[in-house]
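Peer 1: Just dropping this structure here.
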Amino acid sequence: MSAIRSGAGRGFTLIEVVVALAILSLLMPATITGLRTLASTQITIERMTARVDEVRTVSSFLRDALESAVVSGRGGGRLSLGGGRRESTFFEMSPDSLAWKSTILFGEGYGGSHLLRVAREAGQLVLRWQEQPASGRAVDWDGAPSRVLAEKLDEFRVSYRRSFAAPWRNDWDRGGAPALVRLQVRAGGRYWPDLIFRVQGTR
């Protein structure tokens with residue numbers, strides 16, 4: 001009976017404590033490494049998700065705006081006003097910019113027909129918009145309202161197809177609105193999927 005009591009009241013020996021600490025020292029680095037890997041994976045997933053959301057948002061907006069483009073298949077693709085009317089067609093592009101006229105809604109009770117331009121400015125992909133200028137006045141984008149669509153822009157290239165079977169071109173011939181427009185974007189060191197839009201407003 002006394003032996004049982006003596007064994008029950010006995011504490012850990014020094015060897016047992018040393019062994020427990022050795023096992024714990026082996027487990028701690030593995031646990032810390034696992035937590036760091038989990039945190040790094042979470043950050044990577046969040047960055048990828050943010051990038052996908054950015055591409056989806058920009059692509060959706062540009063698709064809606066281009067599908068609502070006010071263009072003409074007969075004209076030269078430039079702004080033209082006549083007879084004092086505000087009806088016009090406008091579609092211009094360069095290798096690093098795209099401008100067109102579209103009917104858009106910026107918010108409740110605010111919107112309508114505006115001139116839009118997407119271009120590279122100071123390392124950013126920037127959208128600018130303005131109301132149609134009065135007859136005889138040139139389009140000036142410098143003071144137009146703007147919004148950044150993508151930061152850390154490395155590349156931005158615009159090309160088009162005059163018809164669905166035609167090759168891609170980046171030398172704008174002012175021959176009226178194209179059938180397809182392609183935007184190629186590289187931002188933050190990563191390429192976006194090519195954004196290809198059909199200009200459905202052609203008439």
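Residues are referred to by chain and number: the chain letter is A, B, ... according to the order shown in the structure tokens, the number counts from 1 in that chain, and ligands are numbered separately from 1 in the order shown.
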Enumerate as number ranges by chain all residues of region 11-202 of chain A assigned to strand (DSSP E) by DSSP on the backbone, naming them with the chain letters and numbers the document uses.
Peer 2: A: 91-94, 97-107, 110-121, 124-131, 146-150, 153-161, 180-187, 190-191, 195-198
Peer 1: Could you tell me how far CA of Met93 (chain A) lies from CA of Trp172 (chain A), in Å and to one decimal?
Peer 2: 6.2 Å
Peer 1: List the neighbours of Ser113 (chain A) out to 8 Å using only C-alpha atoms; skip same-chain residues closer than 5 positions along the sequence, and give me the result as a JSON list (two decimals) with C-alpha atoms, in the first residue's frame.
Peer 2:
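Resulting contents of part_2.json:
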```
[["chain", "number", "residue", "atom", "x", "y", "z"],
["A", 101, "LYS", "CA", -18.95, 57.30, -78.05],
["A", 102, "SER", "CA", -21.29, 55.26, -75.91],
["A", 103, "THR", "CA", -24.50, 55.47, -73.95],
["A", 104, "ILE", "CA", -23.66, 54.66, -70.34],
["A", 131, "GLU", "CA", -19.92, 64.94, -72.74],
["A", 132, "GLN", "CA", -19.94, 65.50, -76.45]]
```
Peer 1: Find the distance between CA of Phe61 (chain A) and CA of Ala144 (chain A) and write it in Å to one decimal.
Peer 2: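 Between CA of Phe61 (chain A) and CA of Ala144 (chain A) the gap works out to 18.6 Å.
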Peer 1: Which polymer residues have any atom within 12 Å of an atom of Ser59 (chain A), counting only C-alpha atoms, with same-chain residues fewer than 2 positions away left out, as an MDAnalysis selection string?
Peer 2: chainID A and resid 52:57 61:67 149:150 182:185 192:197
Peer 1: Could you check how far CA of Arg169 (chain A) sits from CA of Trp100 (chain A), in Å to one decimal?
Peer 2: 17.5 Å
